[in-house]
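Enquirer: To be precise about what I am sending: the file is called final_6.txt and holds compact mmCIF, C-alpha atoms.
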```txt
# COMPACT_ATOMS: atom_id res chain seq x y z
CA MET A 253 61.86 -24.08 -15.68
CA ALA A 254 59.55 -25.15 -18.38
CA LYS A 255 56.73 -22.81 -19.31
CA ARG A 256 53.30 -24.25 -19.48
CA ARG A 257 51.64 -23.76 -22.76
CA ARG A 258 48.00 -22.80 -22.82
CA LYS A 259 45.89 -24.83 -25.08
CA ARG A 260 43.79 -22.69 -27.36
CA LEU A 261 40.11 -23.46 -27.32
CA THR A 262 38.27 -24.12 -30.50
CA ALA A 263 35.29 -21.99 -31.49
CA LYS A 264 32.94 -24.81 -30.58
CA GLN A 265 34.45 -25.12 -27.09
CA ARG A 266 34.22 -21.33 -26.54
CA THR A 267 30.56 -21.37 -27.57
CA ARG A 268 29.84 -24.22 -25.15
CA ARG A 269 31.59 -22.42 -22.29
CA ARG A 270 29.66 -19.22 -22.96
CA ALA A 271 26.38 -21.13 -23.09
CA LEU A 272 27.20 -22.98 -19.86
CA PHE A 273 28.19 -19.73 -18.14
CA SER A 274 24.96 -18.05 -19.33
CA ILE A 275 22.81 -20.92 -18.09
CA LEU A 276 24.60 -20.96 -14.74
CA PHE A 277 24.24 -17.18 -14.37
CA ILE A 278 20.50 -17.27 -15.19
CA ALA A 279 19.99 -20.17 -12.77
CA ILE A 280 21.69 -18.28 -9.92
CA ILE A 281 19.61 -15.14 -10.58
CA THR A 282 16.40 -17.20 -10.76
CA ILE A 283 17.15 -18.96 -7.49
CA GLY A 284 17.96 -15.62 -5.84
CA VAL A 285 14.71 -14.02 -7.01
CA HIS A 286 12.76 -17.10 -5.93
CA LEU A 287 14.28 -17.00 -2.44
CA VAL A 288 13.55 -13.29 -2.06
CA LYS A 289 9.95 -13.63 -3.23
CA ASN A 290 9.20 -16.76 -1.19
CA ASN A 291 9.52 -16.24 2.53
CA LEU A 292 13.09 -15.03 2.74
CA VAL A 293 12.43 -11.34 3.34
CA THR A 294 10.36 -10.52 6.42
CA ILE A 295 8.86 -7.16 7.30
CA LYS A 296 11.43 -5.44 9.51
CA ASP A 297 9.98 -1.93 9.46
CA ILE A 298 6.64 -0.39 8.53
CA ARG A 299 6.54 3.28 7.60
CA VAL A 300 3.23 5.14 7.46
CA GLN A 301 3.25 8.63 5.97
CA GLY A 302 0.60 11.27 5.31
CA ASN A 303 -1.71 10.44 8.21
CA LYS A 304 -2.86 13.12 10.64
CA LYS A 305 -6.39 12.23 11.63
CA VAL A 306 -6.17 8.43 11.38
CA SER A 307 -3.68 6.76 13.71
CA ARG A 308 -0.83 4.56 12.49
CA GLU A 309 -2.24 1.67 14.53
CA GLU A 310 -5.65 1.97 12.86
CA ILE A 311 -4.06 1.92 9.41
CA LEU A 312 -1.96 -1.16 10.25
CA LYS A 313 -4.92 -2.91 11.88
CA ARG A 314 -7.20 -2.33 8.90
CA GLY A 315 -4.48 -3.26 6.41
CA ARG A 316 -3.70 -6.40 8.44
CA VAL A 317 0.03 -5.72 8.34
CA ASP A 318 2.40 -6.92 11.09
CA LEU A 319 6.12 -6.83 11.70
CA GLY A 320 7.72 -10.20 11.02
CA GLY A 321 5.26 -11.12 8.28
CA LYS A 322 6.47 -12.20 4.88
CA LEU A 323 7.05 -9.09 2.77
CA TYR A 324 6.30 -10.48 -0.67
CA LYS A 325 3.32 -12.58 0.43
CA GLN A 326 1.49 -9.32 1.17
CA ASP A 327 -0.82 -8.30 -1.69
CA ALA A 328 -0.22 -4.56 -2.07
CA GLN A 329 -3.52 -3.90 -3.85
CA ALA A 330 -5.52 -5.75 -1.20
CA ILE A 331 -3.80 -3.78 1.58
CA GLU A 332 -4.50 -0.52 -0.27
CA ALA A 333 -8.19 -1.44 -0.68
CA LYS A 334 -8.55 -2.30 3.03
CA ILE A 335 -6.92 0.96 4.09
CA GLU A 336 -9.02 3.00 1.66
CA ALA A 337 -12.12 1.53 3.34
CA ILE A 338 -11.35 3.82 6.32
CA PRO A 339 -13.67 6.83 5.88
CA TYR A 340 -10.93 9.44 6.32
CA ILE A 341 -8.52 7.80 3.85
CA LYS A 342 -8.86 8.97 0.25
CA ASP A 343 -5.91 7.17 -1.30
CA ALA A 344 -3.29 4.64 -0.14
CA LYS A 345 -0.12 3.42 -1.83
CA VAL A 346 1.94 0.46 -0.60
CA LYS A 347 5.58 0.00 -1.59
CA ARG A 348 7.95 -2.82 -0.64
CA SER A 349 11.71 -2.68 -0.31
CA ILE A 350 14.09 -5.61 -0.56
CA ARG A 351 15.55 -4.47 2.77
CA GLY A 352 12.31 -5.51 4.50
CA ILE A 353 10.65 -2.09 4.64
CA LEU A 354 6.94 -1.77 3.89
CA SER A 355 5.98 1.85 3.15
CA ILE A 356 2.36 2.99 3.28
CA GLN A 357 1.63 6.46 1.91
CA VAL A 358 -1.89 7.74 2.61
CA GLN A 359 -3.82 10.80 1.56
CA GLU A 360 -6.56 11.81 3.97
CA ARG A 361 -9.90 13.41 3.27
CA SER A 362 -10.70 16.67 4.99
CA PRO A 363 -14.16 17.67 6.18
CA VAL A 364 -15.61 20.72 4.44
CA ALA A 365 -19.30 20.54 5.37
CA GLN A 366 -21.47 19.61 8.33
CA LEU A 367 -24.90 18.06 8.23
CA ASN A 368 -27.32 18.41 11.12
CA PHE A 369 -28.55 14.91 11.88
CA ARG A 370 -30.99 14.37 14.78
CA ASP A 371 -29.12 15.27 17.98
CA HIS A 372 -25.60 15.42 16.51
CA TYR A 373 -23.66 16.56 13.46
CA VAL A 374 -22.13 14.61 10.60
CA ASN A 375 -18.92 15.84 8.94
CA VAL A 376 -18.62 15.23 5.18
CA ASP A 377 -15.91 15.91 2.62
CA GLN A 378 -16.17 17.62 -0.77
CA ASP A 379 -17.48 14.40 -2.38
CA LEU A 380 -20.25 14.25 0.26
CA ARG A 381 -18.73 11.18 1.87
CA ILE A 382 -19.62 10.74 5.54
CA LEU A 383 -16.45 10.98 7.63
CA GLU A 384 -17.60 11.06 11.25
CA LYS A 385 -20.38 11.78 13.70
CA THR A 386 -19.68 14.50 16.23
CA MET A 387 -21.41 16.54 18.89
CA GLN A 388 -19.33 19.64 18.15
CA PHE A 389 -20.65 22.37 15.93
CA GLN A 390 -17.99 23.67 13.51
CA PRO A 391 -18.76 27.27 12.50
CA ASP A 392 -16.19 27.29 9.67
CA TYR A 393 -17.74 24.31 7.82
CA ILE A 394 -20.48 24.64 5.20
CA LYS A 395 -23.89 23.83 6.73
CA ILE A 396 -26.19 21.35 5.01
CA ASN A 397 -29.81 21.51 6.17
CA GLY A 398 -33.01 19.79 5.10
CA LEU A 399 -31.39 16.56 3.95
CA THR A 400 -32.62 13.28 5.40
CA ILE A 401 -30.39 10.24 5.59
CA LYS A 402 -31.91 6.79 5.97
CA ASN A 403 -28.74 4.77 6.52
CA LEU A 404 -25.99 6.67 8.27
CA GLN A 405 -22.81 4.65 7.79
CA MET A 406 -19.30 6.01 8.10
CA GLY A 407 -17.60 6.03 4.71
CA SER A 408 -20.81 5.96 2.67
CA TYR A 409 -21.93 8.79 0.43
CA ILE A 410 -24.91 11.01 1.21
CA LEU A 411 -26.10 10.99 -2.41
CA LEU A 412 -25.99 7.54 -4.02
CA ASN A 413 -27.57 8.40 -7.39
CA ASP A 414 -28.04 11.39 -9.68
CA LYS A 415 -31.34 12.41 -8.03
```
Please express the file's structure as structure tokens.

Expert:
Amino acid sequence: MAKRRRKRLTAKQRTRRRALFSILFIAIITIGVHLVKNNLVTIKDIRVQGNKKVSREEILKRGRVDLGGKLYKQDAQAIEAKIEAIPYIKDAKVKRSIRGILSIQVQERSPVAQLNFRDHYVNVDQDLRILEKTMQFQPDYIKINGLTIKNLQMGSYILLNDK
């Protein structure tokens, strides 16, 4: 049996092969990233953490997030801004996973004071942001009296300027 002899490659041929391999490798990685970013990965699971007062459904409704949507077409900063527009939400962070998991981590505000407003009460947090109107008197909250509010909107601040 005759042995086959391997032909040794010249330095120029080795350099060309390495360059071709590098270009092919980069092309495959680029195509893979492009497919993942553009419509390949759908939202399979949505995880909401840190919410007690605000329901999961309210957070998803305000953030306009649905199962089956395209994961990387979702603008994380826009979703965070929409969720933070909920009066009880102080901070929201959105993270995406290549496995199709969208995680939303929220930090809620907690009421610390109560303002007597006409025939009901208004709960506010430490930044004097209006959280909710209620008919229940909370004896453990700080009472704010003698303050008049012209526009009572949930999520707005009682004091808008330094005066």

Enquirer: Would you pick out the contacts of stretch 298-301 of chain A at 10 Å or less, using all atoms listed in the file, so that residues sharing its chain but fewer than 4 positions from it are not included, and give the list as a count of residues only?

Expert: 21

Enquirer: Could you check the closest approach to A:Glu360 for each of A:Lys259, A:His372, A:His286, A:Lys305 and tell me which residue wins, using all atoms listed in the file?

Expert: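 Of the candidates, the smallest distance to A:Glu360 is held by A:Lys305.
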
Enquirer: Find the spatial neighbours of stretch 376-393 of chain A, counting only C-alpha atoms, within a cut-off of 9 Å - ignore same-chain residues fewer than 2 positions away - and output them as an MDAnalysis selection string.

Expert: chainID A and resid 338:340 361:367 369 371:374 395 404:411

Enquirer: As an exercise, work out the distance from atom CA of A:Asp343 to atom CA of A:Lys313 in Å and give it to one decimal place.

Expert: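 Those two atoms sit 16.6 Å apart.
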
Enquirer: Please compute the atom CA of A:Ile335-atom CA of A:Arg314 distance, one decimal, in Å.

Expert: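 The value is 5.8 Å.
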
Enquirer: Selecting C-alpha atoms, how would stretch 254-407 of chain A from this structure be written as a short mmCIF file (atom, residue, chain, number, x, y, z; two decimals), in the first residue's frame?

Expert:
```cif
data_model
loop_
_atom_site.label_atom_id
_atom_site.label_comp_id
_atom_site.auth_asym_id
_atom_site.auth_seq_id
_atom_site.Cartn_x
_atom_site.Cartn_y
_atom_site.Cartn_z
CA ALA A 254 1.32 3.32 -0.99
CA LYS A 255 1.22 6.10 1.57
CA ARG A 256 -0.24 9.35 0.51
CA ARG A 257 2.05 12.23 0.95
CA ARG A 258 0.67 15.46 2.30
CA LYS A 259 1.58 18.48 0.36
CA ARG A 260 2.98 21.20 2.55
CA LEU A 261 1.29 24.55 2.19
CA THR A 262 3.30 27.63 1.52
CA ALA A 263 3.16 30.59 3.89
CA LYS A 264 1.02 32.50 1.42
CA GLN A 265 -1.50 29.64 1.19
CA ARG A 266 -1.67 29.36 5.01
CA THR A 267 -2.30 33.09 5.30
CA ARG A 268 -5.10 32.89 2.72
CA ARG A 269 -6.73 29.96 4.52
CA ARG A 270 -6.59 31.76 7.86
CA ALA A 271 -8.08 34.89 6.32
CA LEU A 272 -10.83 32.89 4.62
CA PHE A 273 -11.60 31.03 7.85
CA SER A 274 -11.72 34.33 9.79
CA ILE A 275 -14.06 35.93 7.27
CA LEU A 276 -16.31 32.87 7.27
CA PHE A 277 -16.38 32.77 11.08
CA ILE A 278 -17.24 36.49 11.35
CA ALA A 279 -19.96 36.10 8.70
CA ILE A 280 -21.58 33.21 10.58
CA ILE A 281 -21.52 35.15 13.88
CA THR A 282 -22.95 38.25 12.18
CA ILE A 283 -25.78 36.29 10.58
CA GLY A 284 -26.55 34.61 13.92
CA VAL A 285 -26.69 37.93 15.78
CA HIS A 286 -28.83 39.43 13.02
CA LEU A 287 -31.31 36.54 13.20
CA VAL A 288 -31.55 36.78 16.98
CA LYS A 289 -32.07 40.54 16.96
CA ASN A 290 -34.56 40.55 14.08
CA ASN A 291 -37.72 38.62 14.82
CA LEU A 292 -36.25 35.23 15.64
CA VAL A 293 -36.67 35.31 19.42
CA THR A 294 -40.22 35.79 20.67
CA ILE A 295 -41.27 36.51 24.23
CA LYS A 296 -41.97 33.13 25.81
CA ASP A 297 -42.15 34.21 29.45
CA ILE A 298 -42.57 37.51 31.28
CA ARG A 299 -41.37 37.75 34.86
CA VAL A 300 -42.44 40.66 37.06
CA GLN A 301 -40.71 41.04 40.42
CA GLY A 302 -40.95 43.53 43.28
CA ASN A 303 -44.62 44.40 42.91
CA LYS A 304 -47.00 44.20 45.87
CA LYS A 305 -49.49 47.00 45.44
CA VAL A 306 -49.59 47.17 41.64
CA SER A 307 -50.81 44.05 39.87
CA ARG A 308 -48.75 42.17 37.29
CA GLU A 309 -51.50 42.74 34.72
CA GLU A 310 -51.42 46.52 35.28
CA ILE A 311 -47.64 46.59 34.81
CA LEU A 312 -47.85 44.54 31.58
CA LYS A 313 -50.77 46.62 30.29
CA ARG A 314 -49.00 49.92 30.91
CA GLY A 315 -45.70 48.62 29.51
CA ARG A 316 -47.54 47.26 26.46
CA VAL A 317 -45.80 43.90 26.71
CA ASP A 318 -47.40 40.67 25.45
CA LEU A 319 -46.36 37.05 25.17
CA GLY A 320 -45.44 36.14 21.60
CA GLY A 321 -44.12 39.59 20.77
CA LYS A 322 -40.67 40.06 19.33
CA LEU A 323 -38.19 40.24 22.20
CA TYR A 324 -35.56 42.49 20.66
CA LYS A 325 -38.05 44.84 18.99
CA GLN A 326 -39.13 45.95 22.47
CA ASP A 327 -37.43 49.18 23.54
CA ALA A 328 -36.42 48.55 27.15
CA GLN A 329 -36.14 52.25 28.04
CA ALA A 330 -39.58 53.02 26.62
CA ILE A 331 -41.13 50.14 28.58
CA GLU A 332 -39.41 51.34 31.76
CA ALA A 333 -40.71 54.90 31.23
CA LYS A 334 -44.28 53.67 30.67
CA ILE A 335 -44.18 51.52 33.80
CA GLU A 336 -42.66 54.32 35.88
CA ALA A 337 -45.66 56.48 34.89
CA ILE A 338 -47.75 54.34 37.27
CA PRO A 339 -48.01 56.41 40.49
CA TYR A 340 -46.95 53.58 42.80
CA ILE A 341 -43.89 52.59 40.73
CA LYS A 342 -40.67 54.38 41.69
CA ASP A 343 -38.23 52.52 39.47
CA ALA A 344 -38.43 49.84 36.75
CA LYS A 345 -35.71 47.81 35.07
CA VAL A 346 -36.27 45.63 32.00
CA LYS A 347 -33.88 42.82 31.07
CA ARG A 348 -34.04 40.47 28.08
CA SER A 349 -32.73 36.94 27.82
CA ILE A 350 -31.81 35.11 24.64
CA ARG A 351 -34.07 32.28 25.84
CA GLY A 352 -37.11 34.52 25.29
CA ILE A 353 -37.56 35.71 28.88
CA LEU A 354 -38.42 39.34 29.55
CA SER A 355 -37.77 40.28 33.20
CA ILE A 356 -39.29 43.39 34.73
CA GLN A 357 -37.98 44.41 38.16
CA VAL A 358 -39.97 47.17 39.86
CA GLN A 359 -39.51 49.16 43.03
CA GLU A 360 -42.73 50.51 44.51
CA ARG A 361 -43.33 53.70 46.41
CA SER A 362 -44.86 53.44 49.85
CA PRO A 363 -47.28 55.98 51.30
CA VAL A 364 -46.00 57.82 54.37
CA ALA A 365 -48.42 60.74 54.66
CA GLN A 366 -52.10 61.47 54.18
CA LEU A 367 -53.64 64.71 53.02
CA ASN A 368 -57.23 65.61 53.84
CA PHE A 369 -58.82 66.63 50.56
CA ARG A 370 -62.52 67.60 50.50
CA ASP A 371 -64.51 64.47 51.41
CA HIS A 372 -61.67 61.94 51.07
CA TYR A 373 -57.98 61.43 51.77
CA VAL A 374 -54.97 61.43 49.47
CA ASN A 375 -51.98 59.18 50.21
CA VAL A 376 -48.55 60.58 49.31
CA ASP A 377 -45.02 59.21 49.51
CA GLN A 378 -41.90 60.79 50.99
CA ASP A 379 -41.36 62.88 47.83
CA LEU A 380 -44.93 64.24 48.17
CA ARG A 381 -46.07 62.40 45.07
CA ILE A 382 -49.80 61.64 44.99
CA LEU A 383 -50.30 57.86 45.03
CA GLU A 384 -54.03 57.32 45.49
CA LYS A 385 -57.34 58.71 46.68
CA THR A 386 -59.01 56.80 49.48
CA MET A 387 -61.91 57.06 51.88
CA GLN A 388 -60.01 55.29 54.67
CA PHE A 389 -58.28 57.25 57.37
CA GLN A 390 -54.83 55.83 58.20
CA PRO A 391 -53.85 56.71 61.77
CA ASP A 392 -50.21 55.63 61.32
CA TYR A 393 -49.54 58.02 58.41
CA ILE A 394 -48.31 61.60 58.85
CA LYS A 395 -51.22 64.05 58.53
CA ILE A 396 -50.93 67.04 56.20
CA ASN A 397 -53.49 69.78 56.83
CA GLY A 398 -54.08 73.24 55.41
CA LEU A 399 -52.72 72.50 51.95
CA THR A 400 -54.91 73.20 48.93
CA ILE A 401 -54.47 71.33 45.69
CA LYS A 402 -55.83 72.77 42.47
CA ASN A 403 -55.21 69.81 40.15
CA LEU A 404 -55.40 66.46 41.85
CA GLN A 405 -53.85 63.95 39.47
CA MET A 406 -52.48 60.57 40.45
CA GLY A 407 -48.71 60.50 40.05
#
```
